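Structure first, then comments.
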Amino acid sequence: MVQTLWDAVIDSLLQQECCGDDAAILHTHRLGAGSEPGPMGTPVPARACPGLLSRGGERQDWPRGVLALRFSRPAPARPRHYKSGPSTPPHCLQPWSALGRSHRRSPLEEEPQPARPWPRLTGQARLILWLHAERKPSKDVGLNLERCDLELEANGRDHHTADLCRERLVVRRGQPFQLTLHFEGRGYEAGVDTLTFSAVTGPDPREDVGTKARFPLSDAVQEGAWTASVLDQQDGTLSLQLSTPADAPIGLYRLGLEASTGYEGSSFVLGHITLLFNAWCPEDAVYLDSDAGRREYVLTQQGFIYQGSAKFIKSIPWNFGQFEEGILDICLMLLDVNPKFLNDAGRDCGRRSSPVYVGRVVSAMVNCNDDQGVLLGRWDNNYGDGISPMSWIGSVDILRRWKEERCQRVKYGQCWVFAAVACTVLRCLGVPTRVVTNYNSAHDQNSNLLIEYFRNEFGELEGNKSEMIWNFHCWVESWMTRPELEPGYEGWQALDPTPQEKSEGTYCCGPVPVRAIKEGDLTPKYDAPFVFAEVNADVVDWIRQEDGSMHKSVNRSLVVGLKISTKSVGRDEREDITHNYKYPEGSAEEREAFTRANHLNRLAEKGVEEATGVAMRIRVGQDMNIGRDFDVFAHITNDTSESRDCRLLLCARTVSYNGVLGPECGTKDLLNLALEPFCEKSIPLRIYYEKYGDCLTQSNLIKVRGLLIEPAANSYVLAERDLYLENPEIKIRVLGEPKQHRKLVAEVSLHNPLVVPLLNCVFTVEGAGLTREQKSVEVWDPVEPGEQVKVRVDLLPTDIGLHKLVVNFECDKLKAVKGYRNVIIGPP
């Protein structure tokens with residue numbers, strides 16, 4: 001062994017007299033190609049620490065991989081423990097305690113013995129030292145790691161993380177990945193060297209919670225454990241395959257190596273890897289058995305969110321951008337500032353093996369009601385000190401703002417913004433996720449599955465009401481198993497990051513199995529009663545009469561839980577998934593689900609058939625575009641053989657998507673409306689732009705309400721409809737040949753549909769793979785009525801394939817006008 005050989009040299013030197021100009025003091029110290037790691041999350045680059053040779057007071061560098069030598073002349077009149085100071089000649093002795101301060105010793109090395117005085121050396125002895133120091137390493141010399149190649153390109157391709165592996169290694173759990181070790185001097189020898197690997201994550205890694213693992217180089221691959229095996233070996237190069245458990249906690253890991261040869265050992269930091277959930281691994285809890293589904297719900301960076309109303313569904317393009325620069329780091333930081341991590345970091349990191357746990361944390365952290373979350377919600381249409389929720393076109397800008405402001409809340413968000421950001425974070429972490437929109441969504445606070453509206457005799461709502469029917473509401477669904485629940489509840493789980501009600505003391509919601517909602521099973525965790533009410537609650541309208549008595553009105557126009565929508569797999573079209581949440585209306589299965597959920601209101605309703613004979617609904621005529629006047633109609637039918645004398649009240653008001661009403665923009669009161677037997681009548685209501693233009697919210701919604709009163713029968717028929725006003729179209733032309741890394745120009749234009757000029761116009765564009773960051777172009781000149789406003793934006797595509805360029809237009813009169821264009825980028 002090396003140490004034994006050096007001891008032999010020392011012993012031979014001790015037999016000789018002290019003479020000549022050179023005397024020798026020998027210390028051994030070895031550092032490999034890496035040093036002890038720094039703080040968690042701070043990679044320490046591999047480096048060598050060569051020995052130092054001092055001859056005649058001059059320092060000289062020795063080759064890497066040899067033992068560090070220090071030659072000096074002993075001070076004959078000084079004691080052994082004497083340490084040199086500023087006035088001491090440079091060739092005087094320093095014991096190890098002084099020398100060791102300038103080096104960091106590997107934990108595998110033994111503490112060198114204190115230096116001892118040396119007799120004189122003969123020329124022959126000096127020659128022995130020089131010859132030994134310059135010998136080529138042999139199998140008795142420990143391994144010296146020159147570098148570790150993490151094979152970013154190959155691993156990124158195999159793990160579907162190529163967009164994340166440009167400068168770091170990102171892999172998915174439960175799937176092998178490769179790395180290559182390059183040794184200096186000599187290569188790995190199976191019978192001589194022992195290699196042991198380590199993987200740790202979090203500030204308090206522990207084996208019992210799965211955040212720390214030590215595993216040897218082995219020929220056998222052990223299922224469910226960290227393993228390392230040899231793929232190939234050539235000279236000083238060793239190609240390895242490492243496997244991770246399919247239930248390992250996700251996050252940033254430090255990968256280390258301990259190499260030992262006989263009594264010698266060295267430690268190296270191989271690098272840092274980020275481990276994600278793996279929808280391609282059958283053993284992973286998020287495994288999705290559909291390649292098209294995995295591409296859509298994990299890899300696709302663009303999509304649509306559905307808004308508008310149940311009878312006029314509007315698709316809004318959105319840039320999720322989960323693989324954009326810096327987003328993965330932000331998602332990991334989001335996990336690291338959640339209250340559970342701050343309270344017990346070790347336990348929190350260990351629980352990140354479960355997508356149920358991670359989904360719940362993300363649901364809480366996307367809003368900022370309890371913590372340092374991302375978004376602050378606001379619904380009062382006063383957004384002057386921030387950004388209107390309707391103006392966002394992607395998650396990337398929101399998440400980057402949150403990081404740049406040191407985890408300060410971003411202003412402002414509403415349900416689709418919360419859902420879209422949660423979708424970005426969960427897709428980035430590897431969980432298949434999609435945004436879902438529920439039309440006529442109930443917000444039931446007391447879990448009685450009943451939303452009650454109290455109105456005066458004119459049909460106007462009385463007082464402020466926290467329980468509402470939202471025109472639409474968005475949440476996300478994530479695909480995962482639920483091993484803690486009964487079989488059949490795996491698959492899509494509903495998660496709602498919009499802060500509405502607390503769940504176990506925190507503003508979050510879910511995950512709850514969508515299947516449980518359909519079956520009326522309100523027992524599974526988490527928050528099943530709240531989600532069930534969102535799609536199944538009943539609505540009752542009470543009319544307060546002049547004498548103060550309350551009368552229940554008939555309102556067949558408002559049904560909760562309609563047209564539940566998400567983007568189709570692989571297509572820019574809407575998919576209706578209402579059947580995942582509800583059985584067909586009136587079916588035996590629906591009745592069983594209501595019985596299981598104790599939905600007594602709906603069961604009683606199903607048992608009573610109302611036969612008033614008079615019905616009313618709100619109809620619209622032509623397409624309704626913003627800036628135009630238009631008509632709506634109260635369509636009334638009398639299916640009885642009797643004449644009816646009625647009063648009709650029609651009212652139109654602007655409204656936000658969450659049901660909060662604005663000013664009136666149209667009314668009509670017909671005191672004497674005669675309905676002949678078996679007749680139909682359509683009563684028009686004209687709505688003028690001059691009335692709604694200045695009070696229309698950014699939701700572009702107008703609620704039309706009709707109340708038909710028959711005094712003789714003391715009956716009330718109520719009908720409502722939400723109208724969505726269409727924005728002008730944004731046109732996008734791509735100028736130039738779409739090639740990777742080649743400049744591209746997008747020409748964006750819009751016609752002014754109003755009768756007044758547009759002022760302070762701004763186009764904002766972004767697109768994953770097309771722009772590195774969001775770009776805005778201001779137009780200083782007014783855009784006159786009927787004129788076109790046009791700008792050009794430079795693009796520099798970075799990725800090959802299909803991408804979406806998403807555009808938002810704002811001015812003083814038009815808000816949140818959206819457009820998009822698919823762009824296929826070819827190879828350079």
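Just remember, in the structure tokens the first chain shown is A, the second B, etc., residues are 1-based per chain, and ligands are 1-based in the order shown.
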Q: Compile the contact shell of range 390-395 of chain A as a ChimeraX atom specification: residues with an atom at most 9 Å away, counting only C-alpha atoms, same-chain residues fewer than 4 positions apart removed.
A: /A:302,316-322,399-400,413-414,417,420-424,698-699,764-767,806-810,815-818
Q.
Quick one: residues within 9 Å of Pro529 in chain A, only C-alpha atoms, excluding same-chain residues fewer than 3 positions away - as a PyMOL selection string?
A. chain A and resi 447+449+517+520-523+526+532-534+597
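By chain and then residue number, the residues within 10 Å of Gly491 in chain A are Ala285, Val286, Tyr287, Leu288, Glu477, Ser478, Trp479, Met480, Thr481, Arg482, Pro513, Val514 and Arg515 of chain A, counting only C-alpha atoms and disregarding those fewer than 6 positions away in sequence.
By only C-alpha atoms, and with residues fewer than 6 positions from Val358 in chain A along its chain excluded, the set lying at most 9 Å from it is Leu335, Arg351, Arg352 and Leu426 of chain A.
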Residues just named, written with all heavy atoms as a PDB file, in the first residue's frame:
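Saved result, result.pdb, follows:
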ATOM      1  N   LEU A 335     -42.439  25.078  -2.961  1.00  0.00           N
ATOM      2  CA  LEU A 335     -42.551  24.000  -1.978  1.00  0.00           C
ATOM      3  C   LEU A 335     -41.755  24.321  -0.724  1.00  0.00           C
ATOM      4  O   LEU A 335     -42.168  23.970   0.390  1.00  0.00           O
ATOM      5  CB  LEU A 335     -42.061  22.684  -2.587  1.00  0.00           C
ATOM      6  CG  LEU A 335     -42.833  22.127  -3.788  1.00  0.00           C
ATOM      7  CD1 LEU A 335     -42.221  20.809  -4.237  1.00  0.00           C
ATOM      8  CD2 LEU A 335     -44.311  21.952  -3.482  1.00  0.00           C
ATOM      9  N   ARG A 351     -42.603  13.744   2.787  1.00  0.00           N
ATOM     10  CA  ARG A 351     -43.975  13.562   2.319  1.00  0.00           C
ATOM     11  C   ARG A 351     -44.146  13.979   0.855  1.00  0.00           C
ATOM     12  O   ARG A 351     -45.206  13.747   0.268  1.00  0.00           O
ATOM     13  CB  ARG A 351     -44.936  14.348   3.208  1.00  0.00           C
ATOM     14  CG  ARG A 351     -44.955  13.864   4.657  1.00  0.00           C
ATOM     15  CD  ARG A 351     -45.939  14.647   5.488  1.00  0.00           C
ATOM     16  NE  ARG A 351     -47.321  14.297   5.169  1.00  0.00           N
ATOM     17  CZ  ARG A 351     -48.372  14.910   5.683  1.00  0.00           C
ATOM     18  NH1 ARG A 351     -48.199  15.911   6.537  1.00  0.00           N
ATOM     19  NH2 ARG A 351     -49.587  14.540   5.340  1.00  0.00           N
ATOM     20  N   ARG A 352     -43.124  14.574   0.270  1.00  0.00           N
ATOM     21  CA  ARG A 352     -43.200  14.948  -1.144  1.00  0.00           C
ATOM     22  C   ARG A 352     -43.139  13.733  -2.073  1.00  0.00           C
ATOM     23  O   ARG A 352     -43.141  13.873  -3.294  1.00  0.00           O
ATOM     24  CB  ARG A 352     -42.078  15.927  -1.489  1.00  0.00           C
ATOM     25  CG  ARG A 352     -42.229  17.263  -0.792  1.00  0.00           C
ATOM     26  CD  ARG A 352     -41.106  18.224  -1.128  1.00  0.00           C
ATOM     27  NE  ARG A 352     -41.145  19.406  -0.271  1.00  0.00           N
ATOM     28  CZ  ARG A 352     -40.277  20.401  -0.312  1.00  0.00           C
ATOM     29  NH1 ARG A 352     -39.284  20.359  -1.197  1.00  0.00           N
ATOM     30  NH2 ARG A 352     -40.379  21.434   0.498  1.00  0.00           N
ATOM     31  N   LEU A 426     -47.933  22.048 -11.186  1.00  0.00           N
ATOM     32  CA  LEU A 426     -48.089  20.597 -11.094  1.00  0.00           C
ATOM     33  C   LEU A 426     -47.557  19.898 -12.339  1.00  0.00           C
ATOM     34  O   LEU A 426     -46.930  18.836 -12.241  1.00  0.00           O
ATOM     35  CB  LEU A 426     -49.556  20.250 -10.860  1.00  0.00           C
ATOM     36  CG  LEU A 426     -50.072  20.638  -9.457  1.00  0.00           C
ATOM     37  CD1 LEU A 426     -51.592  20.560  -9.391  1.00  0.00           C
ATOM     38  CD2 LEU A 426     -49.454  19.731  -8.401  1.00  0.00           C
TER      39      LEU A 426
END
Q | Atom pair CA of Gln622 in chain A / CA of Phe304 in chain A: separation (Å) | A | 25.8 Å
Q.
I need the residues of range 366-522 of chain A that end up classed as strand (DSSP E or B) by DSSP on the backbone, written out as a ChimeraX atom specification.
A. /A:367,375-377,394,410-413,433-443,450-455,461,468-480,491-495,502-503,506-507,512-513
Range 236-261 of chain A residues near range 197-201 of chain A within 8 Å, closest pair each, using only C-alpha atoms, as a Markdown table:
| residue | atom | partner | partner_atom | distance |
| --- | --- | --- | --- | --- |
| A:Gly251 | CA | A:Thr201 | CA | 6.8 |
| A:Leu252 | CA | A:Thr201 | CA | 5.9 |
| A:Tyr253 | CA | A:Thr201 | CA | 4.5 |
| A:Arg254 | CA | A:Val200 | CA | 5.4 |
| A:Leu255 | CA | A:Ala199 | CA | 4.7 |
| A:Gly256 | CA | A:Ser198 | CA | 4.9 |
| A:Leu257 | CA | A:Phe197 | CA | 4.5 |
| A:Glu258 | CA | A:Phe197 | CA | 6.3 |
Kindly export the residues of the current selection with all heavy atoms, as a PDB file, in the first residue's frame.
ATOM      1  N   GLY A 251     -37.795  16.450  -5.760  1.00  0.00           N
ATOM      2  CA  GLY A 251     -37.033  17.603  -5.293  1.00  0.00           C
ATOM      3  C   GLY A 251     -35.599  17.568  -5.774  1.00  0.00           C
ATOM      4  O   GLY A 251     -35.214  16.744  -6.615  1.00  0.00           O
ATOM      5  N   LEU A 252     -34.797  18.470  -5.224  1.00  0.00           N
ATOM      6  CA  LEU A 252     -33.388  18.605  -5.593  1.00  0.00           C
ATOM      7  C   LEU A 252     -32.543  17.685  -4.730  1.00  0.00           C
ATOM      8  O   LEU A 252     -32.601  17.746  -3.497  1.00  0.00           O
ATOM      9  CB  LEU A 252     -32.948  20.062  -5.412  1.00  0.00           C
ATOM     10  CG  LEU A 252     -31.494  20.379  -5.752  1.00  0.00           C
ATOM     11  CD1 LEU A 252     -31.227  20.189  -7.236  1.00  0.00           C
ATOM     12  CD2 LEU A 252     -31.137  21.803  -5.329  1.00  0.00           C
ATOM     13  N   TYR A 253     -31.751  16.829  -5.361  1.00  0.00           N
ATOM     14  CA  TYR A 253     -30.896  15.864  -4.676  1.00  0.00           C
ATOM     15  C   TYR A 253     -29.428  16.198  -4.921  1.00  0.00           C
ATOM     16  O   TYR A 253     -29.059  16.663  -6.014  1.00  0.00           O
ATOM     17  CB  TYR A 253     -31.152  14.447  -5.173  1.00  0.00           C
ATOM     18  CG  TYR A 253     -32.383  13.779  -4.619  1.00  0.00           C
ATOM     19  CD1 TYR A 253     -33.643  14.100  -5.102  1.00  0.00           C
ATOM     20  CD2 TYR A 253     -32.291  12.832  -3.601  1.00  0.00           C
ATOM     21  CE1 TYR A 253     -34.777  13.489  -4.603  1.00  0.00           C
ATOM     22  CE2 TYR A 253     -33.426  12.211  -3.096  1.00  0.00           C
ATOM     23  CZ  TYR A 253     -34.668  12.542  -3.600  1.00  0.00           C
ATOM     24  OH  TYR A 253     -35.793  11.935  -3.097  1.00  0.00           O
ATOM     25  N   ARG A 254     -28.603  15.934  -3.906  1.00  0.00           N
ATOM     26  CA  ARG A 254     -27.154  15.972  -4.081  1.00  0.00           C
ATOM     27  C   ARG A 254     -26.667  14.533  -4.202  1.00  0.00           C
ATOM     28  O   ARG A 254     -26.930  13.692  -3.345  1.00  0.00           O
ATOM     29  CB  ARG A 254     -26.471  16.659  -2.892  1.00  0.00           C
ATOM     30  CG  ARG A 254     -24.964  16.827  -3.083  1.00  0.00           C
ATOM     31  CD  ARG A 254     -24.308  17.502  -1.880  1.00  0.00           C
ATOM     32  NE  ARG A 254     -24.356  16.654  -0.696  1.00  0.00           N
ATOM     33  CZ  ARG A 254     -25.011  16.944   0.409  1.00  0.00           C
ATOM     34  NH1 ARG A 254     -25.736  18.049   0.469  1.00  0.00           N
ATOM     35  NH2 ARG A 254     -24.997  16.125   1.447  1.00  0.00           N
ATOM     36  N   LEU A 255     -25.984  14.248  -5.288  1.00  0.00           N
ATOM     37  CA  LEU A 255     -25.496  12.901  -5.572  1.00  0.00           C
ATOM     38  C   LEU A 255     -24.012  12.844  -5.258  1.00  0.00           C
ATOM     39  O   LEU A 255     -23.219  13.628  -5.805  1.00  0.00           O
ATOM     40  CB  LEU A 255     -25.747  12.546  -7.035  1.00  0.00           C
ATOM     41  CG  LEU A 255     -25.560  11.091  -7.456  1.00  0.00           C
ATOM     42  CD1 LEU A 255     -26.537  10.190  -6.707  1.00  0.00           C
ATOM     43  CD2 LEU A 255     -25.769  10.950  -8.957  1.00  0.00           C
ATOM     44  N   GLY A 256     -23.632  11.934  -4.364  1.00  0.00           N
ATOM     45  CA  GLY A 256     -22.242  11.828  -3.937  1.00  0.00           C
ATOM     46  C   GLY A 256     -21.660  10.454  -4.197  1.00  0.00           C
ATOM     47  O   GLY A 256     -22.378   9.480  -4.455  1.00  0.00           O
ATOM     48  N   LEU A 257     -20.330  10.366  -4.136  1.00  0.00           N
ATOM     49  CA  LEU A 257     -19.608   9.107  -4.359  1.00  0.00           C
ATOM     50  C   LEU A 257     -18.509   8.986  -3.320  1.00  0.00           C
ATOM     51  O   LEU A 257     -17.753   9.948  -3.070  1.00  0.00           O
ATOM     52  CB  LEU A 257     -18.994   9.077  -5.761  1.00  0.00           C
ATOM     53  CG  LEU A 257     -18.001   7.944  -6.044  1.00  0.00           C
ATOM     54  CD1 LEU A 257     -18.700   6.587  -6.007  1.00  0.00           C
ATOM     55  CD2 LEU A 257     -17.310   8.152  -7.393  1.00  0.00           C
ATOM     56  N   GLU A 258     -18.402   7.813  -2.726  1.00  0.00           N
ATOM     57  CA  GLU A 258     -17.288   7.469  -1.851  1.00  0.00           C
ATOM     58  C   GLU A 258     -16.516   6.341  -2.521  1.00  0.00           C
ATOM     59  O   GLU A 258     -17.071   5.282  -2.799  1.00  0.00           O
ATOM     60  CB  GLU A 258     -17.781   7.033  -0.478  1.00  0.00           C
ATOM     61  CG  GLU A 258     -18.537   8.111   0.271  1.00  0.00           C
ATOM     62  CD  GLU A 258     -19.154   7.601   1.555  1.00  0.00           C
ATOM     63  OE1 GLU A 258     -18.897   6.416   1.891  1.00  0.00           O
ATOM     64  OE2 GLU A 258     -19.886   8.355   2.215  1.00  0.00           O
TER      65      GLU A 258
END
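By only C-alpha atoms, and with residues fewer than 4 positions from Trp542 in chain A along its chain excluded, the set lying at most 7 Å from it is Tyr453, Phe454, Arg455, Met550, His551, Lys552 and Ser553 of chain A.
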Once you have the residues from the selection above, write them out as an mmCIF file, in the first residue's frame, restricted to C-alpha atoms.
data_model
loop_
_atom_site.group_PDB
_atom_site.id
_atom_site.type_symbol
_atom_site.label_atom_id
_atom_site.label_comp_id
_atom_site.auth_asym_id
_atom_site.auth_seq_id
_atom_site.Cartn_x
_atom_site.Cartn_y
_atom_site.Cartn_z
ATOM 1 C CA TYR A 453 -81.793 34.203 -3.116
ATOM 2 C CA PHE A 454 -84.095 36.706 -1.414
ATOM 3 C CA ARG A 455 -85.652 39.320 -3.707
ATOM 4 C CA MET A 550 -92.229 35.246 1.286
ATOM 5 C CA HIS A 551 -93.280 33.431 -1.846
ATOM 6 C CA LYS A 552 -91.194 30.806 -3.635
ATOM 7 C CA SER A 553 -90.722 31.485 -7.326
#
(Q) I'd like to know which residues of range 516-667 of chain A are alpha helix (DSSP H) (by DSSP, run on the backbone); could you write them as JSON, numbers by chain? (A) {"A": [516, 517, 518, 519, 528, 529, 530, 531, 532, 533, 534, 535, 536, 578, 579, 580, 581, 588, 589, 590, 591, 592, 593, 594, 595, 596, 600, 601, 602, 603, 604, 605, 606, 607]}
I need the residues from that last selection saved to file as a compact mmCIF listing (two decimals), in the first residue's frame (with C-alpha atoms), if you can.
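Full text of again_39.txt as output:
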# COMPACT_ATOMS: atom_id res chain seq x y z
CA ALA A 516 -66.70 10.20 -5.57
CA ILE A 517 -68.50 13.40 -6.59
CA LYS A 518 -70.39 11.55 -9.30
CA GLU A 519 -71.42 8.78 -6.89
CA ALA A 528 -65.98 16.34 -1.13
CA PRO A 529 -69.12 18.16 0.16
CA PHE A 530 -67.92 21.53 -1.14
CA VAL A 531 -67.08 20.22 -4.62
CA PHE A 532 -70.31 18.21 -4.78
CA ALA A 533 -72.27 21.41 -4.06
CA GLU A 534 -70.41 23.29 -6.79
CA VAL A 535 -71.94 21.02 -9.41
CA ASN A 536 -75.18 19.85 -7.73
CA THR A 578 -69.94 16.85 -17.29
CA HIS A 579 -70.56 13.09 -17.36
CA ASN A 580 -67.51 12.59 -15.14
CA TYR A 581 -69.20 14.61 -12.37
CA ALA A 588 -81.84 6.06 -11.54
CA GLU A 589 -78.11 6.48 -10.98
CA GLU A 590 -78.60 10.20 -10.34
CA ARG A 591 -81.25 9.44 -7.74
CA GLU A 592 -78.97 6.93 -6.02
CA ALA A 593 -76.17 9.49 -5.93
CA PHE A 594 -78.47 12.11 -4.39
CA THR A 595 -79.69 9.58 -1.83
CA ARG A 596 -76.09 8.75 -0.89
CA LEU A 600 -83.01 15.93 0.28
CA ASN A 601 -83.80 19.13 -1.61
CA ARG A 602 -83.27 17.61 -5.00
CA LEU A 603 -85.05 14.35 -4.08
CA ALA A 604 -88.13 16.25 -2.95
CA GLU A 605 -88.05 18.27 -6.13
CA LYS A 606 -87.91 15.14 -8.26
CA GLY A 607 -91.02 13.82 -6.51
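Nearest to Val823 in chain A of all the residues A:Ala634, A:Val791, A:Ala246, A:Ile800 is A:Ile800, based on only C-alpha atoms.
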Q | Distance of CA of Lys703 in chain A from CA of Glu729 in chain A, expressed in Å to one decimal place | A | 23.4 Å
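CA of Phe341 in chain A is positioned 23.6 Å from CA of Gln493 in chain A.
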Q. In terms of the shortest atom-to-atom distance over only C-alpha atoms, which of A:Glu726, A:Asp576, A:Glu720, A:Asp639 is closest to Ile626 in chain A?
A. A:Glu726
(Q) Set the distance at 10 Å and use only C-alpha atoms: which residues neighbour Ala279 in chain A once local chain neighbours fewer than 2 positions away are removed? I'd like the list as JSON, numbers by chain. (A) {"A": [172, 173, 174, 276, 277, 281, 282, 283, 284, 285, 286, 287, 288, 289, 290, 291, 293, 294, 295, 297, 298, 430, 431, 432, 479, 480]}
Using N, CA and C atoms, can you export the residues from the last selection as a tab-separated table (two decimals), in the first residue's frame?
chain	number	residue	atom	x	y	z
A	172	ARG	N	-37.00	11.71	-14.07
A	172	ARG	CA	-38.26	11.30	-13.47
A	172	ARG	C	-38.04	10.02	-12.67
A	173	ARG	N	-38.69	9.94	-11.53
A	173	ARG	CA	-38.44	8.85	-10.60
A	173	ARG	C	-38.94	7.52	-11.17
A	174	GLY	N	-38.34	6.44	-10.66
A	174	GLY	CA	-38.74	5.11	-11.09
A	174	GLY	C	-38.19	4.70	-12.44
A	276	LEU	N	-38.45	14.29	-10.48
A	276	LEU	CA	-39.84	14.65	-10.69
A	276	LEU	C	-40.74	13.42	-10.65
A	277	PHE	N	-42.05	13.64	-10.53
A	277	PHE	CA	-43.01	12.55	-10.70
A	277	PHE	C	-42.92	12.02	-12.13
A	281	CYS	N	-44.08	5.89	-15.74
A	281	CYS	CA	-43.66	4.72	-14.94
A	281	CYS	C	-44.89	4.06	-14.32
A	282	PRO	N	-45.16	2.79	-14.66
A	282	PRO	CA	-46.37	2.13	-14.12
A	282	PRO	C	-46.40	2.05	-12.60
A	283	GLU	N	-45.24	2.08	-11.95
A	283	GLU	CA	-45.21	1.99	-10.50
A	283	GLU	C	-45.41	3.34	-9.82
A	284	ASP	N	-45.37	4.41	-10.58
A	284	ASP	CA	-45.52	5.75	-10.00
A	284	ASP	C	-47.00	6.03	-9.75
A	285	ALA	N	-47.29	6.77	-8.69
A	285	ALA	CA	-48.68	7.08	-8.34
A	285	ALA	C	-49.36	7.97	-9.36
A	286	VAL	N	-48.59	8.63	-10.24
A	286	VAL	CA	-49.20	9.51	-11.25
A	286	VAL	C	-49.17	8.88	-12.63
A	287	TYR	N	-48.95	7.57	-12.72
A	287	TYR	CA	-48.86	6.90	-14.02
A	287	TYR	C	-50.15	7.06	-14.80
A	288	LEU	N	-50.02	7.48	-16.05
A	288	LEU	CA	-51.16	7.68	-16.95
A	288	LEU	C	-50.94	6.81	-18.18
A	289	ASP	N	-51.84	5.86	-18.38
A	289	ASP	CA	-51.68	4.87	-19.45
A	289	ASP	C	-52.21	5.41	-20.78
A	290	SER	N	-51.67	6.53	-21.20
A	290	SER	CA	-52.05	7.11	-22.49
A	290	SER	C	-50.93	8.04	-22.92
A	291	ASP	N	-50.29	7.69	-24.01
A	291	ASP	CA	-49.19	8.54	-24.47
A	291	ASP	C	-49.71	9.91	-24.89
A	293	GLY	N	-52.33	11.38	-23.68
A	293	GLY	CA	-52.67	12.07	-22.44
A	293	GLY	C	-51.45	12.62	-21.75
A	294	ARG	N	-50.36	11.86	-21.73
A	294	ARG	CA	-49.13	12.35	-21.10
A	294	ARG	C	-48.58	13.56	-21.83
A	295	ARG	N	-48.65	13.53	-23.16
A	295	ARG	CA	-48.17	14.68	-23.93
A	295	ARG	C	-49.02	15.92	-23.63
A	297	TYR	N	-51.13	16.52	-20.90
A	297	TYR	CA	-51.29	16.94	-19.51
A	297	TYR	C	-49.98	17.10	-18.74
A	298	VAL	N	-48.86	16.70	-19.34
A	298	VAL	CA	-47.55	16.91	-18.70
A	298	VAL	C	-46.65	17.78	-19.55
A	430	GLY	N	-44.37	17.20	-12.73
A	430	GLY	CA	-44.59	15.89	-13.34
A	430	GLY	C	-45.96	15.29	-13.13
A	431	VAL	N	-46.89	16.03	-12.52
A	431	VAL	CA	-48.22	15.50	-12.26
A	431	VAL	C	-49.14	15.85	-13.44
A	432	PRO	N	-49.75	14.86	-14.10
A	432	PRO	CA	-50.70	15.18	-15.19
A	432	PRO	C	-51.84	16.05	-14.67
A	479	TRP	N	-54.13	13.79	-12.13
A	479	TRP	CA	-54.28	12.33	-12.24
A	479	TRP	C	-53.34	11.66	-11.24
A	480	MET	N	-53.90	10.81	-10.37
A	480	MET	CA	-53.08	10.11	-9.38
A	480	MET	C	-53.88	8.98	-8.76
Q) If you count only C-alpha atoms, which residues fall within 10 Å of Thr697 in chain A, apart from same-chain ones fewer than 4 positions away, as a PyMOL selection string? A) chain A and resi 380-381+654-657+661-662+692-693+701-702+815
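Of the residues under consideration (A:Cys651, A:Asn638, A:Gly627, A:Arg147), A:Gly627 shows the shortest atom-to-atom contact distance to Tyr689 in chain A when counting only C-alpha atoms.
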(Q) Nearest residue to Asp722 in chain A out of A:Asp645, A:Ala225, A:Val632, A:Leu238, using only C-alpha atoms? (A) A:Val632
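In this comparison, which uses only C-alpha atoms, the residue of A:Val512, A:Met365, A:Ile469, A:Val396 approaching Pro497 in chain A most closely is A:Met365.
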